[in-house]
Structures are given as structure tokens and as C-alpha cells.
>>> print(open('final-v2.csv').read())   # CSV, C-alpha atoms
chain,number,residue,atom,x,y,z
X,1,MET,CA,0.0,0.0,0.0
X,2,THR,CA,1.5,3.3,-1.0
X,3,HIS,CA,-1.5,5.6,-0.5
X,4,LYS,CA,-3.2,7.5,2.3
X,5,THR,CA,-6.9,8.1,3.0
X,6,GLU,CA,-8.3,11.5,3.9
X,7,LYS,CA,-11.8,12.7,4.8
X,8,PHE,CA,-13.3,14.8,2.0
X,9,ARG,CA,-16.6,16.4,2.7
X,10,PHE,CA,-18.2,18.8,0.3
X,11,THR,CA,-21.6,20.5,-0.5
X,12,GLY,CA,-24.0,18.9,-2.9
X,13,SER,CA,-26.2,20.8,-5.4
X,14,ASN,CA,-29.0,21.1,-2.9
X,15,GLY,CA,-26.9,22.2,0.0
X,16,GLN,CA,-26.5,18.8,1.6
X,17,LYS,CA,-23.2,17.7,3.0
X,18,LEU,CA,-21.7,14.7,1.1
X,19,ASP,CA,-19.2,12.5,2.7
X,20,GLY,CA,-16.2,11.2,0.8
X,21,ARG,CA,-12.7,9.8,1.1
X,22,LEU,CA,-9.8,10.9,-1.0
X,23,GLU,CA,-7.1,8.3,-1.7
X,24,ARG,CA,-3.8,10.0,-2.4
X,25,PRO,CA,-0.4,8.5,-3.3
X,26,ILE,CA,1.5,8.8,-0.1
X,27,ASP,CA,4.6,10.2,-1.8
X,28,GLY,CA,2.6,13.2,-3.1
X,29,GLN,CA,3.4,12.4,-6.7
X,30,ILE,CA,-0.1,12.8,-8.2
X,31,ARG,CA,-0.2,12.3,-12.0
X,32,ALA,CA,-4.0,12.7,-12.3
X,33,VAL,CA,-7.3,12.8,-10.3
X,34,ALA,CA,-10.1,10.3,-10.6
X,35,LEU,CA,-13.7,10.4,-9.4
X,36,PHE,CA,-15.4,7.1,-8.5
X,37,ALA,CA,-19.1,6.5,-8.5
X,38,HIS,CA,-20.3,3.5,-6.4
X,39,CYS,CA,-23.0,1.0,-7.3
X,40,PHE,CA,-26.8,1.2,-6.6
X,41,THR,CA,-27.5,1.4,-2.8
X,42,CYS,CA,-23.9,0.8,-2.1
X,43,THR,CA,-21.6,3.3,-0.4
X,44,LYS,CA,-18.1,4.7,-0.6
X,45,SER,CA,-17.1,1.8,1.7
X,46,SER,CA,-18.2,-1.0,-0.6
X,47,HIS,CA,-15.7,-3.6,-1.5
X,48,GLY,CA,-15.3,-2.4,-5.1
X,49,ALA,CA,-15.1,1.3,-4.2
X,50,THR,CA,-12.4,1.0,-1.5
X,51,ARG,CA,-10.2,-1.4,-3.4
X,52,ILE,CA,-10.4,0.3,-6.8
X,53,ALA,CA,-9.8,3.7,-5.3
X,54,ALA,CA,-6.8,2.5,-3.3
X,55,ALA,CA,-5.3,0.7,-6.3
X,56,LEU,CA,-5.6,3.7,-8.5
X,57,ALA,CA,-4.0,5.8,-5.8
X,58,ASP,CA,-1.1,3.3,-5.6
X,59,SER,CA,-0.6,3.9,-9.4
X,60,GLY,CA,-0.4,7.7,-8.8
X,61,ILE,CA,-4.0,8.6,-9.5
X,62,ALA,CA,-5.6,10.4,-6.5
X,63,THR,CA,-9.2,9.1,-6.3
X,64,LEU,CA,-12.3,10.5,-4.6
X,65,ARG,CA,-15.0,8.0,-3.6
X,66,PHE,CA,-18.1,9.4,-1.8
X,67,ASP,CA,-21.6,8.5,-0.7
X,68,PHE,CA,-24.4,9.7,-2.9
X,69,THR,CA,-27.2,11.7,-1.3
X,70,GLY,CA,-29.0,9.8,1.5
X,71,LEU,CA,-26.5,7.0,1.6
X,72,GLY,CA,-23.6,6.2,4.1
X,73,GLY,CA,-22.4,9.4,5.7
X,74,SER,CA,-24.0,11.8,3.3
X,75,GLU,CA,-26.9,14.0,4.3
X,76,GLY,CA,-30.3,14.0,2.5
X,77,ASP,CA,-33.1,11.5,1.9
X,78,PHE,CA,-32.5,8.5,-0.4
X,79,ALA,CA,-36.2,8.7,-1.4
X,80,ASP,CA,-35.7,12.2,-2.7
X,81,SER,CA,-32.6,11.3,-4.7
X,82,GLY,CA,-32.4,9.1,-7.8
X,83,PHE,CA,-30.3,9.0,-11.0
X,84,SER,CA,-30.5,12.7,-11.8
X,85,ALA,CA,-29.5,13.5,-8.2
X,86,ASN,CA,-26.6,11.1,-8.5
X,87,VAL,CA,-25.4,12.9,-11.6
X,88,GLN,CA,-25.7,16.2,-9.8
X,89,ASP,CA,-23.7,14.8,-6.9
X,90,LEU,CA,-20.9,13.8,-9.3
X,91,VAL,CA,-20.8,17.3,-10.8
X,92,ALA,CA,-20.6,18.8,-7.3
X,93,ALA,CA,-17.8,16.4,-6.4
X,94,ALA,CA,-15.9,17.5,-9.5
X,95,ASP,CA,-16.4,21.1,-8.5
X,96,ALA,CA,-15.1,20.4,-5.1
X,97,LEU,CA,-12.0,18.7,-6.5
X,98,ARG,CA,-11.5,21.7,-8.8
X,99,ASP,CA,-11.5,24.0,-5.8
X,100,HIS,CA,-8.7,21.9,-4.3
X,101,GLY,CA,-6.6,21.9,-7.4
X,102,PRO,CA,-3.5,23.6,-5.9
X,103,GLU,CA,-3.2,20.7,-3.5
X,104,PHE,CA,-2.9,18.3,-6.3
X,105,ALA,CA,0.4,19.6,-7.7
X,106,GLY,CA,-1.4,21.3,-10.7
X,107,SER,CA,-4.1,18.8,-11.2
X,108,SER,CA,-7.7,20.0,-10.8
X,109,ALA,CA,-11.0,18.4,-11.4
X,110,PRO,CA,-11.0,14.7,-12.3
X,111,GLN,CA,-9.4,13.7,-15.6
X,112,LEU,CA,-10.7,10.2,-15.1
X,113,LEU,CA,-14.3,9.2,-14.3
X,114,VAL,CA,-14.9,5.6,-13.0
X,115,GLY,CA,-18.3,4.2,-12.2
X,116,HIS,CA,-19.4,0.8,-10.9
X,117,SER,CA,-22.8,-0.6,-11.9
X,118,LEU,CA,-25.4,2.2,-11.8
X,119,GLY,CA,-22.5,4.5,-11.0
X,120,GLY,CA,-21.1,3.6,-14.5
X,121,ALA,CA,-24.3,4.9,-16.1
X,122,ALA,CA,-24.0,8.0,-13.9
X,123,VAL,CA,-20.4,8.9,-14.9
X,124,ILE,CA,-21.5,8.6,-18.6
X,125,ALA,CA,-24.3,11.1,-17.9
X,126,ALA,CA,-22.0,13.4,-15.8
X,127,ALA,CA,-19.1,13.6,-18.3
X,128,GLU,CA,-20.5,16.4,-20.4
X,129,PHE,CA,-20.6,18.6,-17.3
X,130,ILE,CA,-17.0,17.9,-16.3
X,131,PRO,CA,-14.9,19.5,-19.0
X,132,GLU,CA,-11.6,18.3,-17.5
X,133,ALA,CA,-12.6,14.6,-17.8
X,134,ARG,CA,-10.4,13.0,-20.4
X,135,ALA,CA,-11.5,9.4,-20.1
X,136,VAL,CA,-14.4,7.3,-18.7
X,137,ALA,CA,-14.4,3.8,-17.4
X,138,THR,CA,-17.4,1.7,-16.4
X,139,VAL,CA,-17.5,-1.6,-14.4
X,140,GLY,CA,-20.6,-3.9,-14.6
X,141,ALA,CA,-22.7,-1.0,-15.8
X,142,PRO,CA,-26.2,-1.2,-17.3
X,143,HIS,CA,-26.9,0.2,-20.7
X,144,MET,CA,-30.2,1.8,-19.8
X,145,VAL,CA,-30.7,3.2,-16.3
X,146,ASP,CA,-34.2,1.7,-15.7
X,147,HIS,CA,-32.5,-1.7,-15.7
X,148,VAL,CA,-31.9,-1.1,-12.0
X,149,LEU,CA,-35.7,-1.2,-11.4
X,150,GLU,CA,-35.6,-4.9,-11.8
X,151,GLN,CA,-34.0,-5.1,-8.4
X,152,LEU,CA,-37.3,-3.8,-6.9
X,153,GLY,CA,-39.0,-6.9,-8.0
X,154,THR,CA,-42.7,-7.1,-7.3
X,155,GLN,CA,-42.5,-4.1,-5.0
X,156,LEU,CA,-42.1,-1.8,-8.1
X,157,ALA,CA,-45.9,-2.2,-8.7
X,158,GLU,CA,-46.5,-1.1,-5.1
X,159,VAL,CA,-44.4,2.0,-5.5
X,160,GLU,CA,-46.2,2.9,-8.7
X,161,SER,CA,-49.7,2.3,-7.3
X,162,LYS,CA,-49.2,3.9,-3.9
X,163,GLY,CA,-46.5,6.5,-4.8
X,164,GLU,CA,-44.1,5.0,-2.2
X,165,ALA,CA,-43.0,1.8,-0.5
X,166,VAL,CA,-40.3,0.4,1.8
X,167,VAL,CA,-38.2,-1.8,-0.4
X,168,LYS,CA,-35.6,-4.3,0.7
X,169,LEU,CA,-32.4,-4.0,-1.3
X,170,GLY,CA,-29.3,-5.9,-0.4
X,171,GLY,CA,-30.7,-6.9,2.9
X,172,ARG,CA,-31.5,-3.3,3.9
X,173,ASP,CA,-34.8,-1.4,3.9
X,174,PHE,CA,-35.0,1.7,1.6
X,175,HIS,CA,-37.9,4.2,1.3
X,176,VAL,CA,-38.5,4.4,-2.4
X,177,THR,CA,-40.9,6.9,-4.1
X,178,ASP,CA,-42.4,7.2,-7.5
X,179,HIS,CA,-40.2,10.3,-7.9
X,180,PHE,CA,-37.2,8.0,-7.5
X,181,VAL,CA,-38.6,5.5,-10.0
X,182,ASN,CA,-39.5,8.1,-12.6
X,183,GLN,CA,-35.9,9.4,-12.6
X,184,MET,CA,-34.7,6.0,-13.7
X,185,ARG,CA,-36.9,6.1,-16.8
X,186,GLY,CA,-36.4,7.9,-20.1
X,187,GLN,CA,-32.7,8.6,-19.5
X,188,PRO,CA,-31.1,9.3,-22.9
X,189,GLN,CA,-28.1,7.0,-22.4
X,190,SER,CA,-27.8,6.1,-26.1
X,191,GLU,CA,-27.5,9.7,-27.1
X,192,ARG,CA,-25.0,10.4,-24.3
X,193,LEU,CA,-22.8,7.5,-25.4
X,194,ALA,CA,-22.9,8.7,-29.0
X,195,LYS,CA,-21.7,12.2,-28.1
X,196,LEU,CA,-19.5,11.2,-25.1
X,197,ALA,CA,-16.4,12.5,-27.1
X,198,ARG,CA,-14.1,10.7,-24.6
X,199,PRO,CA,-12.3,7.4,-24.6
X,200,LEU,CA,-14.5,4.8,-23.0
X,201,LEU,CA,-13.4,1.6,-21.2
X,202,ILE,CA,-16.2,-0.9,-20.5
X,203,LEU,CA,-15.3,-3.8,-18.1
X,204,HIS,CA,-17.9,-6.5,-17.5
X,205,ALA,CA,-17.9,-10.1,-16.2
X,206,PRO,CA,-19.6,-12.6,-18.5
X,207,ASP,CA,-21.2,-14.4,-15.5
X,208,ASP,CA,-22.5,-11.2,-13.9
X,209,ALA,CA,-25.7,-12.3,-12.2
X,210,ILE,CA,-27.0,-8.7,-11.6
X,211,VAL,CA,-26.3,-6.9,-14.8
X,212,PRO,CA,-26.0,-9.3,-17.8
X,213,PHE,CA,-23.0,-9.0,-20.2
X,214,SER,CA,-25.4,-8.0,-23.0
X,215,GLU,CA,-25.7,-4.6,-21.3
X,216,ALA,CA,-22.0,-4.0,-21.8
X,217,GLU,CA,-22.4,-5.0,-25.4
X,218,ALA,CA,-25.2,-2.5,-25.8
X,219,ILE,CA,-23.0,0.2,-24.3
X,220,TYR,CA,-20.2,-0.6,-26.7
X,221,ALA,CA,-22.6,-0.6,-29.7
X,222,ASP,CA,-23.9,2.9,-28.9
X,223,ALA,CA,-20.5,4.5,-27.9
X,224,ALA,CA,-18.4,6.3,-30.4
X,225,GLN,CA,-14.7,5.5,-30.8
X,226,PRO,CA,-12.3,5.3,-29.1
X,227,LYS,CA,-13.9,2.5,-27.0
X,228,SER,CA,-12.8,-0.8,-25.5
X,229,LEU,CA,-14.7,-3.7,-24.1
X,230,VAL,CA,-12.8,-5.9,-21.6
X,231,THR,CA,-14.1,-9.2,-20.4
X,232,LEU,CA,-13.5,-9.7,-16.7
X,233,GLY,CA,-12.5,-13.2,-15.6
X,234,ASN,CA,-13.2,-14.5,-12.1
X,235,ALA,CA,-15.3,-11.5,-11.2
X,236,ASP,CA,-18.7,-11.2,-9.7
X,237,HIS,CA,-20.9,-8.0,-10.0
X,238,LEU,CA,-19.8,-6.6,-6.6
X,239,LEU,CA,-16.2,-7.5,-7.1
X,240,THR,CA,-16.0,-9.4,-3.9
X,241,ARG,CA,-13.9,-12.3,-5.2
X,242,ASP,CA,-10.3,-12.2,-4.2
X,243,GLY,CA,-8.3,-9.9,-6.4
X,244,ALA,CA,-11.2,-8.9,-8.7
X,245,ALA,CA,-11.3,-5.2,-7.6
X,246,GLN,CA,-7.5,-4.9,-7.8
X,247,ASN,CA,-7.5,-6.4,-11.2
X,248,VAL,CA,-10.1,-4.0,-12.4
X,249,ALA,CA,-8.1,-1.0,-11.0
X,250,ALA,CA,-4.9,-2.3,-12.7
X,251,GLN,CA,-6.6,-2.5,-16.1
X,252,ILE,CA,-8.2,0.9,-15.7
X,253,ALA,CA,-4.8,2.5,-14.7
X,254,HIS,CA,-3.0,0.8,-17.6
X,255,TRP,CA,-5.6,1.8,-20.1
X,256,ALA,CA,-5.7,5.4,-18.8
X,257,ASP,CA,-2.0,5.8,-19.4
X,258,GLY,CA,-2.7,6.6,-23.0
X,259,TYR,CA,-5.0,9.5,-22.1
X,260,LEU,CA,-3.6,11.0,-18.9
X,261,ASP,CA,-0.4,13.0,-18.5
X,262,ALA,CA,2.8,10.9,-18.1
X,263,ALA,CA,3.8,10.2,-14.5
X,264,PRO,CA,5.9,13.1,-13.3
X,265,PRO,CA,9.6,12.4,-13.3
X,266,VAL,CA,11.5,12.4,-10.0
X,267,GLU,CA,12.5,16.0,-9.6
X,268,ASN,CA,15.1,17.1,-7.1
X,269,ASP,CA,18.4,18.9,-7.1
X,270,LEU,CA,20.5,16.0,-5.7
X,271,ASP,CA,23.9,15.5,-7.1
X,272,ALA,CA,25.1,12.0,-8.1
X,273,GLY,CA,25.9,9.9,-5.1
X,274,LEU,CA,23.6,11.7,-2.7
X,275,VAL,CA,20.6,10.1,-1.0
X,276,HIS,CA,17.9,12.2,0.6
X,277,LEU,CA,15.2,11.1,3.1
X,278,ALA,CA,12.1,13.0,4.4
X,279,SER,CA,9.4,12.0,6.7
X,280,ILE,CA,5.9,11.6,5.2
X,281,GLY,CA,2.7,10.2,6.6
X,282,ASN,CA,1.9,10.2,10.3
X,283,THR,CA,4.5,7.7,11.7
X,284,PHE,CA,7.8,6.4,10.5
X,285,THR,CA,7.4,6.4,6.8
X,286,GLN,CA,10.3,8.0,4.9
X,287,LEU,CA,10.4,9.1,1.2
X,288,VAL,CA,13.9,8.1,0.0
X,289,GLN,CA,15.2,9.9,-3.1
X,290,THR,CA,18.3,9.7,-5.3
X,291,PRO,CA,18.8,11.8,-8.4
X,292,ASP,CA,16.8,9.4,-10.5
X,293,HIS,CA,14.7,7.2,-8.2
X,294,GLN,CA,12.5,7.3,-5.2
X,295,TRP,CA,11.0,4.7,-2.9
X,296,LEU,CA,9.5,4.3,0.7
X,297,ALA,CA,11.1,3.0,3.9
X,298,ASP,CA,9.0,2.2,6.9
X,299,GLU,CA,8.6,0.0,10.0
X,300,PRO,CA,6.2,-2.9,10.3
X,301,ARG,CA,2.8,-2.4,12.0
X,302,SER,CA,4.0,-4.5,14.9
X,303,PHE,CA,6.5,-1.7,15.6
X,304,GLY,CA,4.0,1.1,15.2
X,305,GLY,CA,4.7,1.8,11.5
X,306,ASP,CA,2.5,1.6,8.5
X,307,ASN,CA,4.4,-1.1,6.7
X,308,LEU,CA,4.6,0.9,3.5
X,309,GLY,CA,8.1,0.0,2.6
X,310,PRO,CA,11.1,-2.1,3.7
X,311,THR,CA,12.7,-1.4,7.1
X,312,PRO,CA,16.1,0.2,7.4
X,313,TYR,CA,17.7,-3.3,8.0
X,314,ASP,CA,15.8,-4.7,5.0
X,315,LEU,CA,17.4,-1.9,2.9
X,316,LEU,CA,20.8,-2.6,4.4
X,317,LEU,CA,20.6,-6.3,3.6
X,318,SER,CA,19.2,-5.6,0.1
X,319,SER,CA,22.2,-3.3,-0.6
X,320,LEU,CA,24.7,-6.1,0.4
X,321,GLY,CA,22.7,-8.7,-1.6
X,322,ALA,CA,22.4,-6.6,-4.7
X,323,CYS,CA,26.1,-5.7,-4.6
X,324,THR,CA,27.0,-9.4,-4.1
X,325,ALA,CA,25.0,-10.6,-7.1
X,326,MET,CA,26.3,-7.8,-9.4
X,327,THR,CA,29.9,-8.4,-8.4
X,328,LEU,CA,29.6,-12.1,-9.2
X,329,GLN,CA,28.0,-11.3,-12.6
X,330,ILE,CA,30.7,-8.8,-13.5
X,331,TYR,CA,33.5,-11.2,-12.5
X,332,ALA,CA,32.0,-14.1,-14.4
X,333,ALA,CA,31.5,-12.0,-17.5
X,334,ARG,CA,35.1,-10.9,-17.4
X,335,LYS,CA,36.3,-14.5,-17.1
X,336,LYS,CA,33.8,-15.6,-19.7
X,337,TRP,CA,32.3,-18.2,-17.3
X,338,SER,CA,28.8,-19.6,-17.8
X,339,LEU,CA,27.1,-18.0,-14.8
X,340,THR,CA,23.4,-17.9,-15.7
X,341,HIS,CA,21.7,-17.1,-12.4
X,342,VAL,CA,22.5,-15.8,-8.9
X,343,GLU,CA,20.2,-15.7,-5.8
X,344,VAL,CA,21.2,-14.2,-2.5
X,345,THR,CA,19.3,-14.6,0.8
X,346,LEU,CA,20.4,-12.6,3.8
X,347,GLU,CA,19.5,-12.4,7.5
X,348,HIS,CA,20.7,-10.0,10.2
X,349,SER,CA,21.1,-10.9,13.9
X,350,ARG,CA,23.1,-10.0,16.9
X,351,GLU,CA,25.2,-12.3,19.0
X,352,HIS,CA,27.4,-11.9,22.1
X,353,LYS,CA,31.1,-12.5,21.7
X,354,ALA,CA,32.1,-15.9,22.8
X,355,ASP,CA,34.6,-14.5,25.3
X,356,CYS,CA,32.3,-11.9,26.7
X,357,GLU,CA,33.1,-11.1,30.3
X,358,ASP,CA,30.4,-8.4,30.7
X,359,CYS,CA,27.3,-9.4,28.8
X,360,ASN,CA,25.5,-6.2,29.8
X,361,ASN,CA,28.1,-4.2,27.8
X,362,THR,CA,26.6,-3.5,24.4
X,363,GLN,CA,30.1,-3.2,23.0
X,364,ASN,CA,30.5,-6.9,23.4
X,365,ARG,CA,27.7,-7.6,20.9
X,366,VAL,CA,28.5,-8.5,17.3
X,367,ASP,CA,26.2,-7.9,14.4
X,368,ILE,CA,25.9,-11.1,12.3
X,369,ILE,CA,24.8,-11.2,8.6
X,370,ASP,CA,24.2,-14.7,7.3
X,371,ARG,CA,24.4,-14.7,3.5
X,372,VAL,CA,23.3,-17.7,1.4
X,373,ILE,CA,24.4,-17.6,-2.3
X,374,VAL,CA,22.9,-19.8,-5.0
X,375,ILE,CA,24.9,-20.0,-8.2
X,376,GLU,CA,23.6,-21.5,-11.4
X,377,GLY,CA,25.4,-22.3,-14.6
X,378,ASP,CA,27.8,-24.6,-16.3
X,379,LEU,CA,30.5,-24.1,-13.7
X,380,ASP,CA,33.1,-26.5,-12.2
X,381,ALA,CA,33.9,-26.8,-8.5
X,382,ASP,CA,36.9,-24.4,-8.7
X,383,GLN,CA,34.9,-21.8,-10.5
X,384,ARG,CA,32.1,-22.0,-7.9
X,385,LYS,CA,34.6,-21.8,-5.1
X,386,ARG,CA,36.2,-18.7,-6.6
X,387,LEU,CA,32.9,-17.0,-7.1
X,388,LEU,CA,32.1,-17.4,-3.4
X,389,GLU,CA,35.5,-15.9,-2.6
X,390,ILE,CA,34.7,-13.0,-4.8
X,391,ALA,CA,31.4,-12.4,-3.0
X,392,ASP,CA,33.5,-11.2,0.0
X,393,LYS,CA,35.1,-8.6,-2.2
X,394,CYS,CA,32.0,-6.8,-3.3
X,395,PRO,CA,32.2,-3.0,-2.5
X,396,VAL,CA,29.3,-3.0,0.0
X,397,HIS,CA,30.8,-6.0,1.8
X,398,LYS,CA,34.1,-4.2,2.2
X,399,THR,CA,32.3,-1.1,3.5
X,400,LEU,CA,30.4,-3.0,6.1
X,401,THR,CA,33.5,-4.8,7.3
X,402,ASN,CA,35.7,-1.7,7.3
X,403,THR,CA,35.8,0.8,10.1
X,404,VAL,CA,33.1,3.4,9.0
X,405,GLU,CA,33.1,6.9,10.3
X,406,ILE,CA,29.8,8.7,10.1
X,407,ASN,CA,29.8,12.5,10.4
X,408,THR,CA,26.6,14.1,11.5
X,409,LEU,CA,26.1,17.7,10.5
X,410,PRO,CA,23.3,20.2,10.9
X,411,GLY,CA,21.1,20.9,7.8
>>> encode(input="final-v2.csv", output="C-alpha cells")
Amino acid sequence: MTHKTEKFRFTGSNGQKLDGRLERPIDGQIRAVALFAHCFTCTKSSHGATRIAAALADSGIATLRFDFTGLGGSEGDFADSGFSANVQDLVAAADALRDHGPEFAGSSAPQLLVGHSLGGAAVIAAAEFIPEARAVATVGAPHMVDHVLEQLGTQLAEVESKGEAVVKLGGRDFHVTDHFVNQMRGQPQSERLAKLARPLLILHAPDDAIVPFSEAEAIYADAAQPKSLVTLGNADHLLTRDGAAQNVAAQIAHWADGYLDAAPPVENDLDAGLVHLASIGNTFTQLVQTPDHQWLADEPRSFGGDNLGPTPYDLLLSSLGACTAMTLQIYAARKKWSLTHVEVTLEHSREHKADCEDCNNTQNRVDIIDRVIVIEGDLDADQRKRLLEIADKCPVHKTLTNTVEINTLPG
């Protein structure tokens, strides 16, 4: 996980407070902003919403997921909402993101719209009101909005005859009115798709038991190019199967690469040979930078960290291991030996000196690194023996076994 979650509350079109969560790349390197619309009667905390938003943030796309009016932590009455209200909520969310543009390193309103199930139909409808949107992706979305009314079953007739009814959806009771039902009918989705004027990615599972795959085919037929229809394997409608939501997010992020700005390069004024670390997040997480690369270091959760990166000792061992493998490869290449593969496994521990007289004296403790080297290739015994000897001559090995002086200076 390389993202962080922030509360994001904003005002809807009717003055109601809508509750959202903004997933950001923890290193602050935001390449784009996405807006996610959840499925019918779901919330921002649904399995698909949380995992897709998190995975997009991990790829550098800050993503806002929020509760539509009357759902989850958002104000308002579900019975007074409906499809048109959902579209208005999405536009209000885009406006709120636009107002926070300076915080996104130059990005403003969402360049990417993602919708799950009915949320997919909603982002198609909202796109024309969000000029910054460059691409739209739907997951398990219906072609026509009134398809969702099938979930009301026999109670739909009660709503239409009495004007309202309490309907059980997903194991929960919802107050549904004829106003809500009427909003689902007559939506010009075919016309909206024809004039979408944005790349469209349609993801759908062939065995979706809620919204049949034929709905995705109908969306594809009505949409103008560029468009893509991707069949999801091992996915149910709500994306609850292991890895389904993460797979969807990975496909969306990869597809969006062609329509979003390139990931920002690592920018710093470090000279060659310098390494810079800065604290980010709320605990121990460090952003490590060199002139051309950056990564995270952290501590495990058992130690109070967020486990967002390797520990300092993990990095120390990886440095020795990488240097060992590279040194063997360089030496074998010079000798023209048939070294085809190197694996290095390392472990760090501390032991007391065997002749320790005062075991409470920390100076009598010795740091031990166990290093196991696996060498593969058409090599004879003498060559293998020599390569293991060369391992002790790698530069990092020499640095660790030399007397090292560390000078600490004020910044």
C-alpha cells in the first residue's frame, strides 16, 4: 500500500453535505485525479469502491470516492434522490476537487471518471458537465438506467400504485418513491454515449448475475470510438472475489496511461551519489530519493509503523545482496564463465562475543549477517569456489566490514 486516505466532505447541489474519502499517493506524486461512483444502494465503503480507489492511488491517481445523497455518511433523503440527483452529486464532487486543485500539484477536477454498476451509467451522464474529464471507465454498468428497477421486483408495482413503499435491497430497507422511479426512466443514455467524445473503457464479467453481459455489449454498440470492451474473468458483480477489484483497477490504470499525463519524473536537485530522506505520513514512513529514483522506507505495523516499505535493515541487507550478485556477474562475465543465475538470501542478527566477560556491555555484541548464495550455470567446482570468494570482495561487503566513520552535520 502506497496511499493514504483523507476525509473529504463537500456540499451537494441542494446544499446537503456529502461524505467522501480521498485516496492519495503517499509520496505526493499525483499524476491525475479520478472520481469514483459507487453501485446502486452501495456506499463509498463498498468492496469495489475501496479497493479500486486504493489501487488507483497506488498507481499515482488520486481518487475520490463518496456517498451519494441519502447513503452512508452523506446527508439527504434517499427517497428524494435518484439517478439525476446522483449525476448532480458527481458534478458537485468535480467542482469540489477543482477548488482543491492547488493541493494536487497542478491537477484540478477529475481527468478520469470511473463508475461501478449504476455508477457507471452516472459517470457517462455526468461527463458532459465535467470538461476536465479525459476518459471514462465503467465496471458492470447497465446500458439503460431503468434496468436497476428490476431489483425492486414485485414491489415496483406497489411504488407505482401507492407512490411510495419500503423496499428491501441488499438486505436493507429503503424508502422508495415514484419520484425516484421516474428518474430512472427515459434517460437518454444512447444519445449520451454517442456524443461522449471521450475514450470509454467498458469492463464486465460474463457471468455477472445482476447486470448481464449483454448490457456491456449494448453500451459498446452505442458509444463512439475510441472505446474498449474488456471481459473480466473470475469477477462477480460486486467485485468481492479475491483480487477482482484490484485487477479492475490495474486494467483501468494501464488503459488510462494513453489518455492521462505521463507520470511526473523524479525532480530534485540532488547530485550524483547523494541520498535524501524526508518523513511523510503520520508515523515512521520515509520518502527516499536519489537523483533518478524514489521509494519508501518504513517500519512494520507491529512496531508502530504503516508497513509501506522495507525497514532500514531490509534496505541494508538488500544493498549487500544486490552488490554481491552484481559483483559475481561482473567477475564471471570478465572470465567468460557460464554464470546464468544468482540468488542471494540474507538475515541479520546480533550475538554476544564468545569471550564476553560483561554481557551487559553492548560493545560486546557483534552484528551477524548470514548470506546464502545460490549460483547456477555450467561451472566446475573451482569456479564456484572462486565466485564465493569474490562475494566477500563486493564493495558494500568491504564497506560493512571496514571501520566506518559517520559524520553528523546540521542541515
>>> closest_residue(input="final-v2.csv", among="X:Asp178, X:Asp77, X:Glu164, X:Asp257", to="Gly60 (chain X)", atoms="all atoms listed in the file")
X:Asp257
>>> residues_around(input="final-v2.csv", residues="Leu201 (chain X)", least_positions_apart="2", cutoff="8 Å", atoms="all atoms listed in the file", output="PyMOL selection string")
chain X and resi 136-138+199+203+227-230+252+255
>>> closest_residue(input="final-v2.csv", among="X:Ala125, X:Leu232, X:Val396, X:Val176", to="Pro188 (chain X)", atoms="all atoms listed in the file")
X:Ala125
>>> closest_residue(input="final-v2.csv", among="X:Thr327, X:Thr154, X:Ser319, X:Thr401", to="Leu346 (chain X)", atoms="all atoms listed in the file")
X:Ser319
>>> residues_around(input="final-v2.csv", residues="Ala209 (chain X)", least_positions_apart="2", cutoff="8 Å", atoms="only C-alpha atoms", output="number ranges by chain")
X: 207, 211-212, 236-237
>>> atom_distance(input="final-v2.csv", atom1="CA of Ile30 (chain X)", atom2="CA of Asn307 (chain X)")
20.9 Å
>>> atom_distance(input="final-v2.csv", atom1="CA of Lys335 (chain X)", atom2="CA of His397 (chain X)")
21.4 Å
>>> closest_atom_pairs(input="final-v2.csv", of="region 149-268 of chain X", to="region 85-96 of chain X", cutoff="12 Å", atoms="all atoms listed in the file", output="JSON lines")
{"residue": "X:His179", "atom": "CA", "partner": "X:Ala85", "partner_atom": "CA", "distance": 11.2}
{"residue": "X:Phe180", "atom": "CA", "partner": "X:Ala85", "partner_atom": "CA", "distance": 9.5}
{"residue": "X:Gln183", "atom": "CA", "partner": "X:Ala85", "partner_atom": "CA", "distance": 8.8}
{"residue": "X:Met184", "atom": "CA", "partner": "X:Ala85", "partner_atom": "CA", "distance": 10.7}
{"residue": "X:Gln187", "atom": "CA", "partner": "X:Val87", "partner_atom": "CA", "distance": 11.6}
>>> residues_around(input="final-v2.csv", residues="Ala325 (chain X)", least_positions_apart="6", cutoff="8 Å", atoms="all atoms listed in the file", output="list in words")
Val342, Glu343, Val344 and Ala391 of chain X
>>> atom_distance(input="final-v2.csv", atom1="CA of Thr345 (chain X)", atom2="CA of Thr324 (chain X)")
10.5 Å
>>> residues_around(input="final-v2.csv", residues="Gly76 (chain X)", least_positions_apart="6", cutoff="8 Å", atoms="all atoms listed in the file", output="ChimeraX atom specification")
/X:16,69-70
>>> closest_residue(input="final-v2.csv", among="X:Val181, X:Gly411, X:Ala165, X:Lys195", to="His276 (chain X)", atoms="only C-alpha atoms")
X:Gly411
>>> closest_residue(input="final-v2.csv", among="X:Ser13, X:Thr283, X:Thr408, X:Gln289", to="Arg301 (chain X)", atoms="all atoms listed in the file")
X:Thr283
>>> residues_around(input="final-v2.csv", residues="Pro131 (chain X)", least_positions_apart="3", cutoff="12 Å", atoms="all atoms listed in the file", output="MDAnalysis selection string")
chainID X and resid 91 94:95 98 108:113 126:128 134:135 196:198
>>> closest_residue(input="final-v2.csv", among="X:Glu347, X:Glu191, X:Glu158, X:Asp306", to="Ser318 (chain X)", atoms="all atoms listed in the file")
X:Glu347
